[in-house]
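The file input-v8.cif comes next; it holds mmCIF, C-alpha atoms and all ligand atoms.
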```
data_structure
loop_
_atom_site.label_atom_id
_atom_site.label_comp_id
_atom_site.auth_asym_id
_atom_site.auth_seq_id
_atom_site.Cartn_x
_atom_site.Cartn_y
_atom_site.Cartn_z
CA MET A 29 169.98 176.25 141.07
CA LYS A 30 169.79 174.30 144.34
CA THR A 31 170.50 170.60 144.37
CA CYS A 32 168.44 167.77 145.82
CA ARG A 33 168.20 166.63 149.41
CA THR A 34 169.08 163.02 150.12
CA PRO A 35 166.02 161.08 148.92
CA ARG A 36 164.04 159.68 151.86
CA TYR A 37 160.68 159.02 150.23
CA LEU A 38 160.19 156.48 147.45
CA ARG A 39 157.02 156.15 145.39
CA VAL A 40 156.74 152.84 143.54
CA SER A 41 154.30 152.43 140.65
CA LEU A 42 153.68 148.68 140.67
CA LEU A 43 151.64 148.48 137.48
CA SER A 44 150.24 150.83 134.88
CA ALA A 45 146.84 149.11 134.79
CA CYS A 46 143.84 150.46 136.62
CA ASN A 47 140.21 149.52 137.31
CA LEU A 48 139.13 153.12 136.62
CA GLN A 49 139.89 155.35 133.67
CA CYS A 50 140.04 158.91 134.98
CA SER A 51 139.84 161.34 132.10
CA TYR A 52 142.71 163.48 133.44
CA CYS A 53 145.02 160.49 133.90
CA MET A 54 144.14 157.89 131.24
CA PRO A 55 142.16 159.69 128.55
CA ALA A 56 139.96 157.41 126.41
CA GLY A 57 141.90 156.02 123.47
CA LYS A 58 145.27 156.61 125.14
CA ARG A 59 145.47 153.31 126.96
CA ARG A 60 148.89 151.70 126.54
CA PRO A 61 149.91 148.08 127.10
CA THR A 62 149.99 147.19 130.78
CA VAL A 63 153.39 147.25 132.46
CA LEU A 64 153.69 145.07 135.56
CA ALA A 65 156.70 145.35 137.84
CA PRO A 66 158.20 141.91 138.63
CA ASP A 67 157.92 141.28 142.37
CA ASP A 68 161.56 140.11 142.73
CA LYS A 69 162.87 143.20 140.93
CA VAL A 70 160.78 145.50 143.12
CA ARG A 71 162.21 143.80 146.21
CA SER A 72 165.81 144.20 145.10
CA ALA A 73 165.20 147.84 144.11
CA ILE A 74 163.67 148.50 147.54
CA ARG A 75 166.59 146.79 149.31
CA PHE A 76 169.04 148.90 147.32
CA LEU A 77 167.18 152.17 147.87
CA HIS A 78 166.70 151.48 151.57
CA ARG A 79 170.50 151.17 151.86
CA SER A 80 170.64 154.57 150.13
CA GLY A 81 168.51 156.22 152.82
CA ILE A 82 164.85 155.68 151.85
CA ARG A 83 162.61 155.70 154.97
CA LYS A 84 159.11 155.94 153.51
CA ILE A 85 157.70 153.83 150.66
CA ARG A 86 154.39 154.48 148.93
CA PHE A 87 152.90 151.99 146.47
CA THR A 88 150.92 153.51 143.68
CA GLY A 89 150.13 152.79 140.03
CA GLY A 90 147.88 152.46 138.05
CA GLU A 91 145.94 150.93 140.88
CA PRO A 92 148.24 149.26 143.46
CA THR A 93 145.46 147.15 145.01
CA LEU A 94 145.29 145.22 141.70
CA TYR A 95 148.88 144.04 142.24
CA LYS A 96 148.80 140.43 143.45
CA SER A 97 151.69 140.57 145.91
CA LEU A 98 151.03 144.03 147.39
CA CYS A 99 150.58 142.56 150.90
CA GLY A 100 153.75 140.50 150.45
CA LEU A 101 155.73 143.62 149.54
CA VAL A 102 154.43 145.50 152.59
CA THR A 103 155.44 142.59 154.85
CA PHE A 104 158.82 142.35 153.12
CA ILE A 105 159.51 146.03 153.90
CA LYS A 106 158.43 145.72 157.53
CA GLU A 107 160.63 142.62 157.99
CA MET A 108 163.56 144.48 156.45
CA ASP A 109 163.09 147.55 158.66
CA SER A 110 160.00 148.05 160.79
CA ASP A 111 160.70 151.81 160.98
CA VAL A 112 160.11 152.31 157.26
CA HIS A 113 156.70 153.91 156.77
CA THR A 114 154.58 151.97 154.26
CA ALA A 115 151.74 153.65 152.38
CA ILE A 116 149.50 153.33 149.35
CA THR A 117 147.74 155.77 147.08
CA SER A 118 144.58 154.07 145.86
CA ASN A 119 141.31 154.84 144.14
CA GLY A 120 139.63 152.92 146.98
CA VAL A 121 137.52 150.60 144.78
CA LEU A 122 139.01 147.40 146.25
CA LEU A 123 139.77 148.62 149.76
CA GLY A 124 136.42 147.39 151.11
CA SER A 125 137.78 143.86 150.77
CA LYS A 126 141.54 144.53 151.09
CA ALA A 127 142.01 147.14 153.84
CA ARG A 128 142.00 144.57 156.67
CA VAL A 129 144.65 142.30 155.13
CA LEU A 130 146.81 145.25 154.09
CA SER A 131 146.72 146.56 157.63
CA ALA A 132 147.59 143.11 159.00
CA ALA A 133 150.54 142.99 156.56
CA GLY A 134 151.89 146.21 158.10
CA LEU A 135 150.50 149.00 155.92
CA ASP A 136 150.80 152.26 157.86
CA SER A 137 148.69 154.68 155.85
CA ALA A 138 146.51 155.18 152.78
CA ASN A 139 145.70 158.16 150.59
CA ILE A 140 142.45 157.60 148.74
CA SER A 141 141.37 159.54 145.68
CA LEU A 142 137.89 161.03 145.75
CA ASP A 143 137.19 163.68 143.13
CA THR A 144 133.41 163.84 143.41
CA LEU A 145 130.47 162.64 145.51
CA ASP A 146 128.10 162.86 142.57
CA SER A 147 127.59 159.46 140.93
CA SER A 148 126.93 160.82 137.44
CA LYS A 149 130.03 163.04 137.59
CA PHE A 150 131.96 160.04 138.92
CA GLU A 151 130.82 158.00 135.95
CA ALA A 152 131.75 160.76 133.49
CA LEU A 153 135.18 161.23 135.14
CA THR A 154 136.19 157.62 135.67
CA GLY A 155 134.06 155.64 133.20
CA SER A 156 132.66 153.56 136.06
CA LEU A 157 129.71 153.29 138.43
CA LYS A 158 131.80 152.39 141.48
CA LEU A 159 131.41 155.51 143.63
CA ASN A 160 129.65 153.52 146.37
CA GLN A 161 132.48 150.99 146.36
CA VAL A 162 134.99 153.83 146.77
CA ILE A 163 133.07 155.15 149.78
CA SER A 164 132.94 151.66 151.32
CA GLY A 165 136.68 151.44 150.64
CA ILE A 166 137.27 154.72 152.47
CA ASP A 167 135.26 153.46 155.45
CA ALA A 168 137.07 150.12 155.56
CA ALA A 169 140.47 151.83 155.31
CA THR A 170 139.48 154.20 158.13
CA GLU A 171 138.44 151.25 160.28
CA TYR A 172 141.43 148.97 159.66
CA ILE A 173 144.35 151.15 158.54
CA GLY A 174 143.39 154.24 160.52
CA ASN A 175 145.80 156.73 158.99
CA VAL A 176 143.81 157.78 155.91
CA LYS A 177 143.73 160.98 153.85
CA LEU A 178 141.53 161.89 150.92
CA ASN A 179 142.94 163.35 147.69
CA CYS A 180 140.90 165.33 145.21
CA VAL A 181 142.15 166.71 141.89
CA LEU A 182 140.57 170.13 141.24
CA ILE A 183 139.06 170.28 137.76
CA ARG A 184 137.52 173.53 136.54
CA GLY A 185 133.93 173.08 135.41
CA VAL A 186 133.77 169.53 136.81
CA ASN A 187 134.19 169.47 140.58
CA ASP A 188 135.15 173.05 141.52
CA ASP A 189 131.57 173.53 142.78
CA GLU A 190 131.86 170.50 145.09
CA VAL A 191 134.78 171.46 147.29
CA GLU A 192 132.68 172.48 150.29
CA ARG A 193 130.65 169.25 150.07
CA LEU A 194 133.84 167.17 149.87
CA ILE A 195 135.29 168.95 152.91
CA LEU A 196 132.09 168.29 154.89
CA PHE A 197 132.19 164.62 153.82
CA ALA A 198 135.83 164.34 155.00
CA ASN A 199 134.96 166.17 158.23
CA SER A 200 132.08 163.77 158.91
CA ARG A 201 134.61 160.92 158.83
CA GLY A 202 137.43 162.78 160.60
CA LEU A 203 139.77 162.48 157.57
CA ASP A 204 142.14 165.19 156.33
CA ILE A 205 141.47 166.08 152.71
CA ARG A 206 143.91 167.53 150.16
CA PHE A 207 143.03 169.32 146.95
CA ILE A 208 145.55 168.81 144.16
CA GLU A 209 146.02 171.28 141.35
CA PHE A 210 145.48 169.74 137.93
CA MET A 211 148.99 169.09 136.62
CA PRO A 212 150.18 169.10 133.04
CA ASN A 213 151.23 165.63 131.97
CA ARG A 214 151.84 163.52 128.92
CA TYR A 215 148.19 163.91 127.87
CA SER A 216 147.56 167.53 128.81
CA ALA A 217 149.70 170.52 127.90
CA PRO A 218 150.47 173.41 130.26
CA GLY A 219 147.62 175.94 130.25
CA ASP A 220 144.91 173.25 130.10
CA PRO A 221 141.56 175.00 130.69
CA ARG A 222 140.67 172.40 133.34
CA PHE A 223 143.30 173.93 135.67
CA ILE A 224 142.04 175.97 138.63
CA SER A 225 144.37 177.29 141.31
CA SER A 226 144.18 176.34 144.99
CA GLU A 227 143.95 180.01 145.86
CA GLU A 228 140.88 180.58 143.72
CA ILE A 229 139.19 177.63 145.41
CA ARG A 230 140.26 178.62 148.94
CA ASN A 231 138.87 182.11 148.44
CA GLN A 232 135.44 180.69 147.58
CA LEU A 233 135.13 178.60 150.74
CA PRO A 234 133.03 179.75 153.72
CA TRP A 235 135.67 178.99 156.39
CA GLN A 236 138.22 181.37 157.96
CA PHE A 237 141.31 179.22 157.51
CA GLN A 238 144.45 179.45 159.61
CA ALA A 239 147.66 177.88 158.31
CA SER A 240 148.51 174.68 160.22
CA SER A 241 152.04 173.59 160.98
CA ASN A 242 153.52 171.83 157.97
CA LYS A 243 156.30 169.27 157.68
CA TYR A 244 159.28 170.62 155.69
CA ASN A 245 158.85 167.93 153.03
CA SER A 246 155.06 167.90 152.83
CA ALA A 247 153.61 168.45 149.36
CA ALA A 248 150.49 169.93 150.92
CA ARG A 249 150.01 173.22 152.75
CA TYR A 250 147.45 172.51 155.47
CA TYR A 251 144.80 174.78 156.95
CA ALA A 252 142.50 174.48 159.95
CA ALA A 253 139.19 176.17 160.73
CA SER A 254 137.46 176.40 164.10
CA SER A 255 134.33 174.55 162.93
CA LEU A 256 136.25 171.68 161.29
CA ARG A 257 137.88 168.78 163.12
CA ILE A 258 140.06 167.96 160.10
CA ARG A 259 142.80 169.75 158.18
CA VAL A 260 142.28 170.89 154.62
CA GLY A 261 145.39 170.67 152.46
CA PHE A 262 146.25 172.18 149.10
CA ILE A 263 148.88 170.65 146.84
CA SER A 264 149.68 173.58 144.61
CA SER A 265 152.33 171.97 142.41
CA VAL A 266 151.59 174.35 139.54
CA SER A 267 150.89 177.70 141.24
CA HIS A 268 153.32 177.21 144.18
CA PRO A 269 155.76 174.36 143.51
CA PHE A 270 157.10 172.68 146.64
CA CYS A 271 160.47 171.69 145.16
CA ASP A 272 162.59 173.14 147.97
CA GLY A 273 161.50 170.48 150.45
CA CYS A 274 161.28 167.63 147.95
CA ASP A 275 163.03 164.44 149.05
CA ARG A 276 161.13 162.07 146.72
CA ILE A 277 162.17 159.67 144.04
CA ARG A 278 159.84 157.64 141.82
CA LEU A 279 160.24 154.10 140.53
CA ALA A 280 157.99 153.19 137.58
CA ALA A 281 156.80 149.64 136.87
CA ASP A 282 159.32 149.29 134.02
CA GLY A 283 162.20 149.92 136.45
CA LEU A 284 162.85 153.53 135.42
CA LEU A 285 163.81 155.64 138.41
CA TYR A 286 162.95 159.34 138.21
CA THR A 287 163.66 162.19 140.60
CA CYS A 288 160.72 164.37 139.54
CA LEU A 289 157.28 164.09 137.91
CA PHE A 290 158.39 166.78 135.49
CA ASP A 291 161.84 165.52 134.55
CA SER A 292 162.22 162.68 132.05
CA ASN A 293 165.83 162.02 133.13
CA SER A 294 166.00 158.47 134.57
CA ILE A 295 168.05 155.31 135.10
CA ASN A 296 166.71 151.78 134.72
CA LEU A 297 167.23 150.40 138.22
CA PHE A 298 165.81 146.94 137.45
CA ASP A 299 168.29 146.49 134.57
CA LEU A 300 171.22 147.93 136.50
CA LEU A 301 170.68 145.72 139.55
CA THR A 302 170.38 142.67 137.27
CA THR A 303 173.23 143.23 134.81
CA GLU A 304 175.63 145.77 136.34
CA PRO A 305 175.02 145.86 140.10
CA GLY A 306 178.49 147.36 140.62
CA GLN A 307 177.43 150.42 138.62
CA ALA A 308 174.09 150.98 140.36
CA ARG A 309 175.35 153.07 143.30
CA ALA A 310 177.35 155.48 141.12
CA GLN A 311 174.54 155.90 138.60
CA PHE A 312 172.00 156.46 141.38
CA LYS A 313 174.20 159.12 142.98
CA GLU A 314 174.65 160.84 139.62
CA LEU A 315 170.87 160.82 138.98
CA VAL A 316 170.20 162.41 142.37
CA ARG A 317 173.04 164.89 141.94
CA SER A 318 171.68 165.97 138.59
CA LYS A 319 168.19 166.60 139.95
CA GLN A 320 167.59 170.29 139.61
CA LEU A 321 165.18 171.66 142.15
CA GLY A 322 162.63 173.80 140.42
CA GLY A 323 161.41 170.86 138.34
CA CYS A 324 157.76 171.69 138.95
CA ASN A 325 158.47 175.05 137.34
CA ASN A 326 159.33 173.19 134.16
CA THR A 327 155.63 172.67 133.59
CA ALA A 328 155.71 175.59 131.18
CA GLY A 329 157.73 173.43 128.76
CA SER A 330 156.73 170.47 126.61
CA THR A 331 155.26 167.53 128.53
CA ILE A 332 155.16 165.05 125.66
CA ASP A 333 158.26 163.13 126.81
CA LEU A 334 157.11 162.76 130.41
CA PRO A 335 155.84 159.40 131.66
CA SER A 336 152.07 159.33 132.10
CA PHE A 337 150.72 159.66 135.66
CA SER A 338 149.50 156.06 135.54
CA ALA A 339 153.04 154.91 134.66
CA ILE A 340 154.87 156.97 137.27
CA GLY A 341 152.16 156.91 139.93
CA GLY A 342 151.26 160.59 140.33
N1 LIG A 401 145.02 154.79 141.16
C1 LIG A 401 145.48 155.45 142.33
C2 LIG A 401 144.69 156.70 142.62
O1 LIG A 401 144.00 157.18 141.72
O2 LIG A 401 144.78 157.20 143.73
C3 LIG A 401 146.96 155.75 142.32
C4 LIG A 401 147.56 156.24 141.04
S1 LIG A 401 147.09 157.89 140.58
C5 LIG A 401 148.03 158.13 139.12
C6 LIG A 401 147.94 158.84 141.81
C7 LIG A 401 147.42 160.24 142.02
O3 LIG A 401 147.69 161.01 140.84
C8 LIG A 401 145.92 160.33 142.26
O4 LIG A 401 145.68 161.07 143.45
C9 LIG A 401 145.42 161.07 141.05
O5 LIG A 401 144.29 161.84 141.34
C10 LIG A 401 146.63 161.92 140.70
N2 LIG A 401 146.63 162.44 139.33
C11 LIG A 401 146.50 161.76 138.18
N3 LIG A 401 146.54 162.60 137.12
C12 LIG A 401 146.70 163.86 137.63
C13 LIG A 401 146.81 165.17 137.07
N4 LIG A 401 146.76 165.37 135.75
N5 LIG A 401 146.97 166.21 137.91
C14 LIG A 401 147.00 166.03 139.25
N6 LIG A 401 146.93 164.82 139.84
C15 LIG A 401 146.76 163.75 139.04
FE1 LIG A 402 143.41 154.97 137.73
FE2 LIG A 402 144.32 156.54 139.62
FE3 LIG A 402 144.75 157.20 137.06
FE4 LIG A 402 142.29 157.31 138.05
S1 LIG A 402 144.06 158.55 138.70
S2 LIG A 402 142.90 156.34 136.10
S3 LIG A 402 142.25 155.69 139.51
S4 LIG A 402 145.58 155.46 138.09
#
```
Can the structure in the file be given as structure tokens, please?
Amino acid sequence: MKTCRTPRYLRVSLLSACNLQCSYCMPAGKRRPTVLAPDDKVRSAIRFLHRSGIRKIRFTGGEPTLYKSLCGLVTFIKEMDSDVHTAITSNGVLLGSKARVLSAAGLDSANISLDTLDSSKFEALTGSLKLNQVISGIDAATEYIGNVKLNCVLIRGVNDDEVERLILFANSRGLDIRFIEFMPNRYSAPGDPRFISSEEIRNQLPWQFQASSNKYNSAARYYAASSLRIRVGFISSVSHPFCDGCDRIRLAADGLLYTCLFDSNSINLFDLLTTEPGQARAQFKELVRSKQLGGCNNTAGSTIDLPSFSAIGG
């Protein structure tokens, strides 16, 4: 088994709460009490992890744009080290009003989730009527933040017939789009019938795709086609795990630091930095050392002990 690279990319889930309730992430009836990361503890965790080599920080959730001091955290990172890339993953609902201030605070990029362009499917998937707000959010983020990608989770029988339309929508706005394989999680066991592979989808599309150059640590495999001005990416975590290039770690809103979506092994960084700061470095190194690449392959096992996607941030 190979061991982990030095972590360079930190994903921080700031809160477990969300203004949508996507059926694949927060199934009805499974809502848990909201966990909110204390701003001062997030700052000290970021300071500590930056000293350990982190060079890119993505805020996620739940929905990160609901977190009151999101702009303050972005500014804090840029003042600490302007070379650290700051990003969010958002459902886009609030970006119509927040993209400009986030950009002014120093936010470098945004990934925005868009699973459907059909308002009745959107309502069935998310329990809300806010599709138009999401589209306004995408447009505001494109205008003010500039570096925007769209993310779409592929769900058999729900949006697998919409992939071409979503690509044309992304192309009309000049935004790269990535299709994410439905992943097993706390609320859905391996073998869920909603899973559909990237390959099955790619084979149905009308374009002749050529593989684009990919960064070693990119989760997505990108493709280009002569009639598209954008790249189309596939994040095939289930059918083709990308563990070999993984340099990510994940901090949940309760302070638990994980090295993989599919590994429940963690340390509580908030507690350690508060009560035993002298132990934090050694425990962090041990956590990273014990990360076994191939974690995505563990999706065949039980997922009941894993944190939910809304807790760990996807
Ligand atoms: N609320 C934000 C959003 O939806 O973009 C950020 C949090 S969300 C948990 C982060 C990402 O996880 C989203 O792109 C979402 O689509 C993805 N996600 C959630 N559950 C998933 C699942 N079962 N399989 C694949 N991706 C999932
Ligand atoms: Fe909220 Fe994002 Fe989960 Fe949807 S995927 S419920 S928008 S956290």
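Counting only C-alpha atoms and all ligand atoms and comparing A:Ala168, A:Ala198, A:Ala56, A:Ile183, the residue that lies closest to ligand LIG 401 (chain A) is A:Ile183.
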Please indicate the distance in Å from CA of Phe270 in chain A to CA of Asn119 in chain A, rounded to one decimal place.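 Distance between the two atoms: 24.0 Å.
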Nearest residue to ligand LIG 402 (chain A) out of A:Pro55, A:Gly202, A:Gly174, A:Pro61, using all atoms listed in the file? A:Pro55
Neighbours of Pro212 in chain A within 7 Å (only C-alpha atoms; same-chain residues fewer than 4 positions away dropped), as a list in words? Ser216, Ala217, Pro218, Thr327 and Thr331 of chain A
Hey, can I get the axis-aligned box for ligand LIG 402 (chain A)? All listed atoms, 4 Å padding on each side, centre and edge lengths in Å to one decimal, as lines of an AutoDock Vina configuration file.
```
center_x = 143.9
center_y = 156.8
center_z = 137.9
size_x = 11.3
size_y = 11.6
size_z = 11.5
```
For the atom pair CA of Phe262 in chain A and CA of Ser156 in chain A, what is the interatomic distance in Å to one decimal place?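 Here the two named atoms are 26.5 Å from each other.
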Can you pull out every residue with an atom within 8 Å of ligand LIG 401 (chain A)? Use only C-alpha atoms and all ligand atoms and format it as a ChimeraX atom specification. /A:41,46,48,50,52-54,88-92,116-120,139-143,179-182,208-213,216,337-342
Just to confirm, what's the straight-line distance from CA of Phe104 in chain A to CA of Gly134 in chain A in Å (one decimal)? 9.4 Å
Ref. answer, residues at most 12 Å from (161.9, 156.2, 154.2) with only C-alpha atoms, as an MDAnalysis selection string: chainID A and resid 34:39 74:75 77:86 105:106 109:115 275:277
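If you measure from each of A:Leu135, A:Leu98, A:Val162, A:Val176 to ligand LIG 402 (chain A) using only C-alpha atoms and all ligand atoms, the closest one turns out to be A:Val162.
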So, counting only C-alpha atoms, which residue among A:Thr287, A:Asn47, A:Trp235, A:Ile295 is closest to Lys319 in chain A?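 Comparing A:Thr287, A:Asn47, A:Trp235, A:Ile295 against Lys319 in chain A, the winner is A:Thr287.
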Just range 39-53 of chain A, please, as a PDB file, in the first residue's frame (only N, CA, C and O atoms).
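Result went into part.pdb, see below:
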```pdb
ATOM      1  N   ARG A  39      -9.790  21.073   2.754  1.00  0.00           N
ATOM      2  CA  ARG A  39     -11.210  21.408   2.595  1.00  0.00           C
ATOM      3  C   ARG A  39     -11.782  21.590   3.986  1.00  0.00           C
ATOM      4  O   ARG A  39     -11.622  20.722   4.844  1.00  0.00           O
ATOM      5  N   VAL A  40     -12.424  22.736   4.214  1.00  0.00           N
ATOM      6  CA  VAL A  40     -12.967  23.031   5.543  1.00  0.00           C
ATOM      7  C   VAL A  40     -14.481  23.100   5.460  1.00  0.00           C
ATOM      8  O   VAL A  40     -15.035  23.954   4.757  1.00  0.00           O
ATOM      9  N   SER A  41     -15.165  22.219   6.178  1.00  0.00           N
ATOM     10  CA  SER A  41     -16.625  22.305   6.264  1.00  0.00           C
ATOM     11  C   SER A  41     -16.947  23.229   7.444  1.00  0.00           C
ATOM     12  O   SER A  41     -16.689  22.886   8.595  1.00  0.00           O
ATOM     13  N   LEU A  42     -17.496  24.405   7.128  1.00  0.00           N
ATOM     14  CA  LEU A  42     -17.685  25.423   8.173  1.00  0.00           C
ATOM     15  C   LEU A  42     -18.927  25.176   9.018  1.00  0.00           C
ATOM     16  O   LEU A  42     -19.008  25.617  10.163  1.00  0.00           O
ATOM     17  N   LEU A  43     -19.910  24.529   8.421  1.00  0.00           N
ATOM     18  CA  LEU A  43     -21.159  24.263   9.152  1.00  0.00           C
ATOM     19  C   LEU A  43     -21.886  23.123   8.456  1.00  0.00           C
ATOM     20  O   LEU A  43     -21.713  22.914   7.255  1.00  0.00           O
ATOM     21  N   SER A  44     -22.681  22.400   9.226  1.00  0.00           N
ATOM     22  CA  SER A  44     -23.394  21.279   8.598  1.00  0.00           C
ATOM     23  C   SER A  44     -24.732  21.735   8.020  1.00  0.00           C
ATOM     24  O   SER A  44     -25.349  21.001   7.253  1.00  0.00           O
ATOM     25  N   ALA A  45     -25.172  22.943   8.359  1.00  0.00           N
ATOM     26  CA  ALA A  45     -26.488  23.407   7.899  1.00  0.00           C
ATOM     27  C   ALA A  45     -26.448  23.814   6.430  1.00  0.00           C
ATOM     28  O   ALA A  45     -25.407  24.180   5.896  1.00  0.00           O
ATOM     29  N   CYS A  46     -27.621  23.754   5.820  1.00  0.00           N
ATOM     30  CA  CYS A  46     -27.716  24.097   4.407  1.00  0.00           C
ATOM     31  C   CYS A  46     -29.077  24.714   4.121  1.00  0.00           C
ATOM     32  O   CYS A  46     -30.048  24.445   4.833  1.00  0.00           O
ATOM     33  N   ASN A  47     -29.138  25.534   3.067  1.00  0.00           N
ATOM     34  CA  ASN A  47     -30.434  26.103   2.654  1.00  0.00           C
ATOM     35  C   ASN A  47     -31.112  25.254   1.580  1.00  0.00           C
ATOM     36  O   ASN A  47     -32.158  25.628   1.077  1.00  0.00           O
ATOM     37  N   LEU A  48     -30.494  24.131   1.204  1.00  0.00           N
ATOM     38  CA  LEU A  48     -31.164  23.142   0.355  1.00  0.00           C
ATOM     39  C   LEU A  48     -31.142  21.807   1.110  1.00  0.00           C
ATOM     40  O   LEU A  48     -30.445  21.673   2.115  1.00  0.00           O
ATOM     41  N   GLN A  49     -31.865  20.860   0.586  1.00  0.00           N
ATOM     42  CA  GLN A  49     -31.844  19.532   1.208  1.00  0.00           C
ATOM     43  C   GLN A  49     -31.790  18.487   0.098  1.00  0.00           C
ATOM     44  O   GLN A  49     -32.796  17.855  -0.230  1.00  0.00           O
ATOM     45  N   CYS A  50     -30.599  18.347  -0.503  1.00  0.00           N
ATOM     46  CA  CYS A  50     -30.459  17.430  -1.633  1.00  0.00           C
ATOM     47  C   CYS A  50     -30.667  16.006  -1.149  1.00  0.00           C
ATOM     48  O   CYS A  50     -30.092  15.595  -0.144  1.00  0.00           O
ATOM     49  N   SER A  51     -31.458  15.258  -1.913  1.00  0.00           N
ATOM     50  CA  SER A  51     -31.863  13.931  -1.440  1.00  0.00           C
ATOM     51  C   SER A  51     -30.676  12.988  -1.306  1.00  0.00           C
ATOM     52  O   SER A  51     -30.686  12.091  -0.485  1.00  0.00           O
ATOM     53  N   TYR A  52     -29.593  13.221  -2.088  1.00  0.00           N
ATOM     54  CA  TYR A  52     -28.448  12.312  -2.029  1.00  0.00           C
ATOM     55  C   TYR A  52     -27.463  12.709  -0.934  1.00  0.00           C
ATOM     56  O   TYR A  52     -26.500  12.012  -0.676  1.00  0.00           O
ATOM     57  N   CYS A  53     -27.697  13.858  -0.308  1.00  0.00           N
ATOM     58  CA  CYS A  53     -26.753  14.371   0.688  1.00  0.00           C
ATOM     59  C   CYS A  53     -27.402  14.435   2.069  1.00  0.00           C
ATOM     60  O   CYS A  53     -26.823  13.999   3.063  1.00  0.00           O
TER      61      CYS A  53
END
```
